[in-house]
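Below: data.txt (compact mmCIF, C-alpha atoms)
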```txt
# COMPACT_ATOMS: atom_id res chain seq x y z
CA LYS A 1 107.56 -60.57 -49.46
CA THR A 2 111.22 -59.68 -49.45
CA PRO A 3 112.98 -59.59 -52.85
CA LYS A 4 116.33 -61.36 -53.20
CA LYS A 5 118.53 -58.26 -53.17
CA LYS A 6 116.75 -56.85 -50.14
CA GLU A 7 116.88 -60.25 -48.44
CA ALA A 8 120.62 -60.56 -49.12
CA HIS A 9 121.17 -57.07 -47.75
CA LYS A 10 119.14 -57.88 -44.65
CA GLN A 11 120.94 -61.17 -44.08
CA LYS A 12 124.30 -59.42 -44.27
CA ASN A 13 123.19 -56.81 -41.76
CA MET A 14 121.61 -59.46 -39.55
CA ALA A 15 124.81 -61.50 -39.47
CA THR A 16 126.66 -58.55 -37.97
CA SER A 17 123.94 -57.11 -35.75
CA LEU A 18 121.85 -59.98 -34.35
CA GLU A 19 124.02 -60.01 -31.26
CA GLN A 20 123.20 -56.33 -30.78
CA VAL A 21 119.42 -56.76 -30.75
CA SER A 22 117.30 -58.45 -28.15
CA ILE A 23 114.09 -60.32 -28.82
CA PRO A 24 112.16 -58.00 -26.44
CA ASP A 25 113.48 -55.05 -28.47
CA LEU A 26 112.36 -56.71 -31.72
CA ARG A 27 108.96 -57.36 -30.18
CA LYS A 28 108.61 -53.71 -29.21
CA ARG A 29 109.65 -52.53 -32.68
CA ALA A 30 107.30 -54.93 -34.46
CA LEU A 31 104.26 -54.29 -32.26
CA ASP A 32 104.63 -50.55 -31.65
CA LEU A 33 101.92 -48.97 -33.81
CA THR A 34 103.62 -45.57 -33.51
CA ASN A 35 106.86 -46.90 -35.01
CA THR A 36 107.63 -46.34 -38.69
CA ILE A 37 106.45 -48.90 -41.24
CA PRO A 38 109.99 -49.60 -42.55
CA ASP A 39 111.39 -50.21 -39.04
CA ARG A 40 108.48 -52.45 -38.07
CA ASN A 41 108.98 -54.34 -41.33
CA ASP A 42 112.69 -54.78 -40.55
CA ALA A 43 111.83 -56.14 -37.11
CA ILE A 44 109.40 -58.63 -38.64
CA HIS A 45 112.13 -59.96 -40.93
CA TYR A 46 114.63 -60.15 -38.07
CA LEU A 47 112.12 -62.27 -36.16
CA LYS A 48 111.64 -64.47 -39.24
CA SER A 49 115.38 -65.01 -39.53
CA LEU A 50 115.72 -66.10 -35.89
CA LYS A 51 112.91 -68.70 -36.18
CA THR A 52 112.72 -69.35 -32.44
CA PRO A 53 109.38 -70.31 -30.86
CA GLN A 54 109.44 -66.96 -29.03
CA CYS A 55 109.85 -65.08 -32.30
CA LEU A 56 106.99 -66.98 -33.93
CA THR A 57 104.78 -66.21 -30.93
CA ILE A 58 105.57 -62.50 -31.33
CA LEU A 59 104.57 -62.58 -34.99
CA GLN A 60 101.36 -64.37 -34.05
CA GLU A 61 100.69 -61.82 -31.31
CA ALA A 62 101.20 -58.99 -33.79
CA LEU A 63 98.78 -60.54 -36.26
CA GLN A 64 96.14 -60.92 -33.54
CA ASN A 65 96.33 -57.24 -32.59
CA LYS A 66 92.92 -55.82 -33.54
CA GLN A 67 94.35 -52.28 -33.45
CA GLU A 68 96.72 -53.10 -36.33
CA SER A 69 95.77 -51.09 -39.42
CA SER A 70 98.61 -52.01 -41.77
CA GLN A 71 97.57 -54.76 -44.17
CA LEU A 72 101.08 -54.58 -45.62
CA LEU A 73 102.69 -55.55 -42.31
CA GLN A 74 100.03 -58.13 -41.51
CA HIS A 75 100.71 -59.89 -44.79
CA GLU A 76 104.48 -59.68 -44.16
CA MET A 77 103.91 -61.36 -40.78
CA ALA A 78 101.90 -64.17 -42.36
CA TYR A 79 104.56 -64.57 -45.05
CA ALA A 80 107.26 -64.75 -42.38
CA LEU A 81 105.40 -67.51 -40.54
CA GLY A 82 105.17 -69.56 -43.73
CA GLN A 83 108.84 -69.13 -44.56
CA THR A 84 109.83 -70.62 -41.20
CA GLN A 85 107.94 -73.83 -42.18
CA ASP A 86 107.01 -74.45 -38.55
CA ASN A 87 104.12 -76.92 -38.19
CA THR A 88 103.03 -75.40 -34.89
CA MET A 89 101.73 -72.36 -36.81
CA ILE A 90 99.25 -74.40 -38.90
CA PRO A 91 96.18 -73.97 -36.63
CA PHE A 92 96.74 -70.22 -36.34
CA LEU A 93 97.28 -69.77 -40.08
CA CYS A 94 94.17 -71.83 -40.80
CA SER A 95 92.20 -69.50 -38.52
CA LEU A 96 93.50 -66.50 -40.50
CA VAL A 97 92.37 -68.01 -43.81
CA GLN A 98 88.91 -68.54 -42.33
CA ASP A 99 88.60 -65.12 -40.67
CA HIS A 100 86.73 -62.68 -42.93
CA GLU A 101 87.73 -59.75 -40.72
CA TYR A 102 91.21 -59.90 -42.21
CA ALA A 103 91.90 -58.32 -45.59
CA SER A 104 92.14 -60.47 -48.70
CA ILE A 105 95.91 -59.96 -48.95
CA VAL A 106 96.39 -61.25 -45.39
CA ARG A 107 94.17 -64.31 -45.86
CA HIS A 108 95.93 -64.99 -49.17
CA GLU A 109 99.33 -64.82 -47.49
CA ALA A 110 98.17 -67.12 -44.70
CA ALA A 111 97.02 -69.66 -47.30
CA GLU A 112 100.34 -69.39 -49.14
CA ALA A 113 102.12 -69.85 -45.81
CA LEU A 114 100.22 -73.09 -45.24
CA GLY A 115 101.36 -74.25 -48.66
CA ALA A 116 104.94 -73.33 -47.77
CA ILE A 117 104.77 -75.36 -44.56
CA GLY A 118 103.52 -78.23 -46.70
CA SER A 119 101.58 -80.28 -44.18
CA SER A 120 98.50 -82.29 -45.10
CA ASP A 121 96.99 -81.06 -41.82
CA ALA A 122 96.06 -77.85 -43.67
CA LEU A 123 94.40 -79.51 -46.66
CA GLU A 124 90.85 -79.47 -45.32
CA VAL A 125 90.85 -75.70 -44.82
CA LEU A 126 92.73 -75.00 -48.06
CA GLN A 127 90.34 -77.14 -50.10
CA GLN A 128 87.39 -75.39 -48.48
CA TYR A 129 88.50 -72.04 -49.95
CA CYS A 130 89.54 -73.22 -53.41
CA HIS A 131 86.11 -72.04 -54.59
CA SER A 132 86.00 -68.77 -52.65
CA ASP A 133 84.39 -65.76 -54.33
CA ASP A 134 87.68 -63.99 -53.56
CA ARG A 135 89.67 -65.11 -56.60
CA VAL A 136 93.05 -64.17 -55.12
CA LEU A 137 92.33 -66.34 -52.08
CA ALA A 138 90.85 -69.16 -54.16
CA ASP A 139 93.81 -69.25 -56.55
CA THR A 140 96.24 -69.19 -53.62
CA CYS A 141 94.49 -72.17 -52.04
CA ILE A 142 94.51 -74.09 -55.33
CA LEU A 143 98.28 -73.61 -55.53
CA ALA A 144 98.81 -74.41 -51.86
CA VAL A 145 96.89 -77.70 -52.17
CA ARG A 146 99.01 -78.70 -55.17
CA ARG A 147 102.21 -77.79 -53.32
CA VAL A 148 101.26 -79.85 -50.27
CA LYS A 149 100.45 -82.83 -52.47
CA PHE A 150 103.56 -82.43 -54.62
CA TYR A 151 105.96 -82.26 -51.66
CA GLY A 152 103.98 -85.01 -49.96
CA GLY A 153 104.95 -87.32 -52.82
CA GLU A 154 101.38 -87.72 -54.09
CA GLU A 155 102.22 -86.71 -57.67
CA ASP A 156 105.60 -87.68 -59.10
CA GLY A 157 107.98 -89.04 -56.48
CA GLU A 158 110.87 -89.36 -58.91
CA GLU A 159 110.58 -85.72 -60.00
CA LEU A 160 110.21 -84.62 -56.38
CA GLU A 161 113.59 -86.15 -55.51
CA LYS A 162 115.18 -84.32 -58.44
CA VAL A 163 113.56 -81.04 -57.41
CA LYS A 164 114.90 -81.42 -53.88
CA LYS A 165 118.42 -81.99 -55.19
CA GLU A 166 118.44 -79.15 -57.72
CA ILE A 167 120.55 -76.18 -56.61
CA VAL A 168 118.64 -72.90 -56.81
CA SER A 169 120.12 -69.46 -56.12
CA TYR A 170 117.10 -68.30 -54.13
CA SER A 171 116.43 -69.14 -50.49
CA SER A 172 112.70 -68.40 -50.50
CA VAL A 173 110.13 -71.16 -50.02
CA ASP A 174 108.20 -70.70 -53.26
CA PRO A 175 104.52 -71.46 -54.00
CA ALA A 176 105.69 -73.93 -56.66
CA PRO A 177 109.07 -75.33 -57.68
CA GLY A 178 110.42 -74.26 -61.05
CA PHE A 179 110.50 -76.89 -63.75
CA LEU A 180 113.82 -78.72 -63.64
CA ARG A 181 116.59 -77.16 -65.70
CA GLY A 182 116.83 -78.60 -69.18
CA THR A 183 113.30 -80.01 -69.22
CA LYS A 184 111.64 -76.98 -70.86
CA SER A 185 112.89 -74.50 -73.44
CA VAL A 186 112.24 -70.79 -72.93
CA ASP A 187 109.71 -70.95 -75.77
CA GLU A 188 107.89 -73.76 -73.98
CA LEU A 189 107.94 -71.80 -70.73
CA ARG A 190 106.49 -68.78 -72.58
CA GLU A 191 103.72 -70.93 -74.02
CA ILE A 192 102.80 -72.20 -70.55
CA MET A 193 102.85 -68.68 -69.08
CA MET A 194 100.38 -67.44 -71.69
CA LYS A 195 97.76 -70.09 -70.93
CA PRO A 196 94.61 -69.07 -69.01
CA ASP A 197 94.98 -69.25 -65.24
CA GLU A 198 92.06 -71.61 -64.77
CA GLY A 199 93.27 -75.18 -64.81
CA ASN A 200 96.88 -74.12 -65.43
CA LEU A 201 97.97 -72.21 -62.30
CA TRP A 202 100.38 -74.84 -60.97
CA GLU A 203 102.12 -75.28 -64.33
CA LYS A 204 102.24 -71.49 -64.86
CA TYR A 205 103.87 -70.95 -61.48
CA ARG A 206 106.36 -73.71 -62.19
CA ALA A 207 107.17 -72.01 -65.50
CA MET A 208 107.46 -68.62 -63.75
CA PHE A 209 109.99 -69.87 -61.23
CA ALA A 210 111.88 -71.79 -63.90
CA LEU A 211 112.25 -68.49 -65.79
CA ARG A 212 113.45 -66.83 -62.59
CA ASN A 213 115.99 -69.58 -61.96
CA LEU A 214 117.39 -69.23 -65.49
CA GLY A 215 117.48 -65.44 -65.11
CA THR A 216 118.46 -64.54 -68.69
CA GLU A 217 117.33 -61.42 -70.57
CA GLU A 218 115.12 -63.66 -72.71
CA CYS A 219 113.47 -65.06 -69.58
CA VAL A 220 112.92 -61.58 -68.12
CA LYS A 221 111.27 -60.54 -71.39
CA VAL A 222 108.86 -63.49 -71.14
CA LEU A 223 107.91 -62.42 -67.62
CA GLU A 224 107.38 -58.83 -68.73
CA ASP A 225 105.25 -59.93 -71.68
CA ALA A 226 103.15 -62.02 -69.32
CA LEU A 227 102.63 -59.09 -66.96
CA ARG A 228 101.58 -56.95 -69.92
CA VAL A 229 98.61 -59.24 -70.56
CA LYS A 230 95.52 -57.36 -69.34
CA ASP A 231 93.02 -60.20 -69.74
CA LYS A 232 92.36 -61.31 -66.15
CA ASN A 233 91.20 -64.73 -67.36
CA ILE A 234 94.69 -65.32 -68.70
CA MET A 235 96.71 -63.41 -66.11
CA GLY A 236 94.75 -62.95 -62.89
CA ASP A 237 95.77 -60.66 -60.04
CA LEU A 238 97.48 -63.45 -58.09
CA THR A 239 99.63 -64.45 -61.06
CA ARG A 240 100.38 -60.81 -61.85
CA HIS A 241 101.48 -60.08 -58.30
CA GLU A 242 103.74 -63.14 -58.28
CA ILE A 243 105.42 -62.08 -61.52
CA SER A 244 106.10 -58.69 -59.92
CA TYR A 245 107.52 -60.46 -56.86
CA VAL A 246 109.83 -62.47 -59.12
CA PHE A 247 111.07 -59.23 -60.69
CA GLY A 248 112.05 -58.17 -57.18
CA GLN A 249 113.96 -61.40 -56.63
CA LEU A 250 115.76 -60.92 -59.93
CA GLY A 251 116.73 -57.40 -58.90
CA ASP A 252 119.16 -55.81 -61.36
CA LEU A 253 118.85 -58.81 -63.68
CA ALA A 254 115.43 -57.35 -64.50
CA LYS A 255 116.52 -53.71 -64.72
CA ASN A 256 115.41 -53.49 -68.37
CA SER A 257 111.85 -53.93 -67.12
CA ARG A 258 112.11 -51.06 -64.64
CA THR A 259 110.29 -48.58 -66.92
CA PHE A 260 107.41 -50.99 -67.44
CA LEU A 261 107.18 -51.63 -63.70
CA HIS A 262 106.91 -47.86 -63.24
CA GLU A 263 103.82 -48.02 -65.48
CA VAL A 264 102.34 -50.81 -63.37
CA ILE A 265 102.93 -48.81 -60.19
CA GLY A 266 101.22 -45.75 -61.67
CA ASP A 267 98.21 -47.66 -63.04
CA GLU A 268 95.26 -46.80 -60.78
CA SER A 269 93.23 -49.64 -62.33
CA GLU A 270 95.81 -52.22 -61.22
CA ASN A 271 95.12 -54.34 -58.13
CA PRO A 272 97.02 -52.88 -55.14
CA ILE A 273 98.71 -56.24 -54.46
CA VAL A 274 100.28 -56.07 -57.94
CA ARG A 275 101.35 -52.47 -57.45
CA HIS A 276 102.78 -53.38 -54.02
CA GLU A 277 105.01 -56.11 -55.44
CA SER A 278 106.06 -53.89 -58.35
CA ILE A 279 107.01 -51.13 -55.93
CA GLU A 280 109.19 -53.48 -53.89
CA ALA A 281 110.64 -54.91 -57.11
CA VAL A 282 111.99 -51.55 -58.31
CA GLY A 283 113.12 -50.87 -54.75
CA ALA A 284 115.26 -54.01 -54.95
CA MET A 285 117.04 -52.73 -58.06
CA GLU A 286 120.03 -50.40 -58.12
CA GLU A 287 119.08 -46.95 -56.90
CA ASN A 288 117.64 -44.78 -59.65
CA GLU A 289 116.53 -41.15 -59.45
CA GLU A 290 113.47 -41.69 -61.63
CA THR A 291 112.37 -44.60 -59.43
CA SER A 292 112.97 -42.63 -56.22
CA ASN A 293 110.94 -39.69 -57.50
CA LEU A 294 108.10 -41.97 -58.55
CA LEU A 295 107.98 -43.73 -55.18
CA LYS A 296 108.09 -40.41 -53.32
CA SER A 297 105.12 -39.19 -55.39
CA PHE A 298 103.02 -42.06 -53.99
CA LEU A 299 103.95 -41.63 -50.31
CA ASP A 300 100.60 -39.91 -49.66
CA HIS A 301 98.52 -42.20 -51.87
CA PRO A 302 95.14 -43.01 -50.28
CA GLU A 303 95.67 -46.75 -50.85
CA LYS A 304 97.82 -47.64 -47.85
CA LEU A 305 99.17 -50.79 -49.49
CA VAL A 306 100.69 -48.54 -52.14
CA SER A 307 101.92 -45.71 -49.93
CA GLN A 308 103.38 -47.98 -47.24
CA SER A 309 105.10 -50.15 -49.86
CA CYS A 310 106.76 -47.00 -51.15
CA GLN A 311 107.99 -46.20 -47.63
CA VAL A 312 109.57 -49.63 -47.39
CA ALA A 313 111.04 -49.56 -50.92
CA LEU A 314 112.67 -46.18 -50.36
CA GLU A 315 114.48 -47.63 -47.32
CA MET A 316 115.83 -50.72 -49.16
```
Translate this structure into structure tokens?
Amino acid sequence: KTPKKKEAHKQKNMATSLEQVSIPDLRKRALDLTNTIPDRNDAIHYLKSLKTPQCLTILQEALQNKQESSQLLQHEMAYALGQTQDNTMIPFLCSLVQDHEYASIVRHEAAEALGAIGSSDALEVLQQYCHSDDRVLADTCILAVRRVKFYGGEEDGEELEKVKKEIVSYSSVDPAPGFLRGTKSVDELREIMMKPDEGNLWEKYRAMFALRNLGTEECVKVLEDALRVKDKNIMGDLTRHEISYVFGQLGDLAKNSRTFLHEVIGDESENPIVRHESIEAVGAMEENEETSNLLKSFLDHPEKLVSQSCQVALEM
């Protein structure tokens, strides 16, 4: 997923260079397995920004390529499809969720994409995997089902209208809307964040994005404290990776947490999806020699999700 600073940088570049790139060229860059990971990643995000049926077909084609070995890029492709919120991608994304040949991170991202699209047409598949043995996938599906129902007006229609009208500084389609400004204090948001994941995921994600939207030092500290919790019953891998993603969206607003994120990146016991988001988070912050040296030290890491994330982050 692309952090806010990186996304803003990309959008600025795209605004000036989209006329200079052709869709066939983007297709070649995205699908060429000999191309660099950062350039393929850039092409994927160009295709996402264009949102044409042809671009979506290219992303789908790339995901169907059985020779593709980069789980990082596959999950970026699935994320891109969800962010376009195009209903025509629902059957394909459902097939990804159901296909055990794809890595957990890809199936998770496909499920999140279905939640982002927000159609009830995906509910049957999402509900089927809410009890998967893969906790990351199961938790993603639980959130996606709640998002579909929330935006479908099945929960609180009055709140939904207020959520739609609230101005948020972030353009991403999030797994859950932040609680409305002024409805929760930071202390209340902290209390929600520290609850066990089971039975509380939707509320925790709403608290997480409310903290992001407020963006104060106090809010950043709550997010860091949450990520410091090692008990997986309280803060599972999905929640931990989303907190890291939010740090990336906050960018320099979260610079005081940079040192801690370095620790997360270097923790070999940490789930690679958490390390991946932490890597891209520090990459979204102002350039720092210590960060650059750390990322370079992991360029040959045997876990490709880690090493390839470092390639991308160093190019931000």
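From CA of Lys51 in chain A back to CA of Ala103 in chain A, the distance works out to 25.3 Å.
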Can you tell me which residues surround range 131-141 of chain A at a distance of at most 6 Å, considering all atoms listed in the file, apart from same-chain residues fewer than 4 positions away, and format the answer as JSON, numbers by chain?
{"A": [108, 111, 126, 238]}
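The coordinates place CA of Ile142 in chain A at 28.9 Å from CA of Ala284 in chain A.
The shell of residues at most 12 Å from Val168 in chain A, with all atoms listed in the file counted and near chain neighbours (fewer than 3 positions) removed, consists of Val163, Lys164, Lys165, Ser171, Ser172, Val173, Asp174, Pro177, Gly178, Phe179, Leu180, Arg181, Phe209, Ala210, Leu211, Arg212, Asn213, Leu214 and Gly215 of chain A.
Counting only C-alpha atoms and comparing A:Leu50, A:Cys55, A:Leu201, A:Leu72, the residue that lies closest to Cys310 in chain A is A:Leu72.
Distance annotation: of A:Gln71, A:Asn200, A:Asn35, A:Ser120, the residue with the minimal separation from Ile90 in chain A is A:Ser120; atom set is only C-alpha atoms.
Separating CA of Leu33 in chain A from CA of His100 in chain A is a distance of 22.4 Å.
Residue neighbourhood of range 217-234 of chain A, excluding near-sequence residues (fewer than 6 positions): Arg190, Pro196, Asp197, Leu211 and Arg240 of chain A, at 6 Å, using all atoms listed in the file.
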Export C-alpha atoms of the chosen residues as a PDB file, in the coordinates of the input?
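Printed below is out.pdb as written:
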```
ATOM      1  CA  ARG A 190     106.490 -68.780 -72.580  1.00  0.00           C
ATOM      2  CA  PRO A 196      94.610 -69.070 -69.010  1.00  0.00           C
ATOM      3  CA  ASP A 197      94.980 -69.250 -65.240  1.00  0.00           C
ATOM      4  CA  LEU A 211     112.250 -68.490 -65.790  1.00  0.00           C
ATOM      5  CA  ARG A 240     100.380 -60.810 -61.850  1.00  0.00           C
TER       6      ARG A 240
END
```
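Close contacts of Leu314 in chain A, defined as residues with an atom at most 10 Å away when counting only C-alpha atoms, with chain neighbours fewer than 6 positions off set aside, comprise A:Pro38, A:Ile279, A:Glu280, A:Val282, A:Gly283, A:Ala284, A:Glu287, A:Thr291, A:Ser292, A:Asn293, A:Leu295, A:Lys296, A:Leu299, A:Gln308.
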So which one's closest to Gln85 in chain A, A:Ile117, A:Val274, A:Leu160, A:Ile44? Using all atoms listed in the file, please.
A:Ile117
With distances taken over all atoms listed in the file, the candidate from A:Glu158, A:Glu286, A:Glu61, A:Glu270 nearest Ala254 in chain A is A:Glu286
Counting only C-alpha atoms, closest pick from A:Ala116, A:Cys130, A:Met77, A:Leu56 relative to Val148 in chain A is A:Ala116
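Restricting the calculation to all atoms listed in the file, the smallest distance between Glu68 in chain A and any of A:Gln311, A:Gln249, A:Gln127, A:Thr34 is found for A:Thr34.
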Generate N, CA and C atoms for range 270-283 of chain A and emit them as an mmCIF file, in the frame of the given file.
```cif
data_model
loop_
_atom_site.group_PDB
_atom_site.id
_atom_site.type_symbol
_atom_site.label_atom_id
_atom_site.label_comp_id
_atom_site.auth_asym_id
_atom_site.auth_seq_id
_atom_site.Cartn_x
_atom_site.Cartn_y
_atom_site.Cartn_z
ATOM 1 N N GLU A 270 95.120 -50.981 -61.589
ATOM 2 C CA GLU A 270 95.810 -52.220 -61.220
ATOM 3 C C GLU A 270 95.483 -52.588 -59.779
ATOM 4 N N ASN A 271 95.368 -53.872 -59.494
ATOM 5 C CA ASN A 271 95.120 -54.340 -58.130
ATOM 6 C C ASN A 271 96.268 -53.893 -57.223
ATOM 7 N N PRO A 272 95.959 -53.347 -56.046
ATOM 8 C CA PRO A 272 97.020 -52.880 -55.140
ATOM 9 C C PRO A 272 98.069 -53.937 -54.804
ATOM 10 N N ILE A 273 97.699 -55.229 -54.791
ATOM 11 C CA ILE A 273 98.710 -56.240 -54.460
ATOM 12 C C ILE A 273 99.753 -56.354 -55.578
ATOM 13 N N VAL A 274 99.346 -56.054 -56.808
ATOM 14 C CA VAL A 274 100.280 -56.070 -57.940
ATOM 15 C C VAL A 274 101.173 -54.835 -57.866
ATOM 16 N N ARG A 275 100.571 -53.702 -57.574
ATOM 17 C CA ARG A 275 101.350 -52.470 -57.450
ATOM 18 C C ARG A 275 102.337 -52.583 -56.283
ATOM 19 N N HIS A 276 101.899 -53.178 -55.186
ATOM 20 C CA HIS A 276 102.780 -53.380 -54.020
ATOM 21 C C HIS A 276 104.029 -54.163 -54.396
ATOM 22 N N GLU A 277 103.846 -55.292 -55.082
ATOM 23 C CA GLU A 277 105.010 -56.110 -55.440
ATOM 24 C C GLU A 277 105.885 -55.408 -56.472
ATOM 25 N N SER A 278 105.274 -54.638 -57.361
ATOM 26 C CA SER A 278 106.060 -53.890 -58.350
ATOM 27 C C SER A 278 106.876 -52.790 -57.689
ATOM 28 N N ILE A 279 106.294 -52.159 -56.675
ATOM 29 C CA ILE A 279 107.010 -51.130 -55.930
ATOM 30 C C ILE A 279 108.240 -51.730 -55.249
ATOM 31 N N GLU A 280 108.055 -52.863 -54.571
ATOM 32 C CA GLU A 280 109.190 -53.480 -53.890
ATOM 33 C C GLU A 280 110.207 -54.045 -54.886
ATOM 34 N N ALA A 281 109.719 -54.398 -56.075
ATOM 35 C CA ALA A 281 110.640 -54.910 -57.110
ATOM 36 C C ALA A 281 111.602 -53.819 -57.563
ATOM 37 N N VAL A 282 111.092 -52.624 -57.869
ATOM 38 C CA VAL A 282 111.990 -51.550 -58.310
ATOM 39 C C VAL A 282 112.849 -51.068 -57.137
ATOM 40 N N GLY A 283 112.321 -51.213 -55.916
ATOM 41 C CA GLY A 283 113.120 -50.870 -54.750
ATOM 42 C C GLY A 283 114.303 -51.793 -54.561
#
```
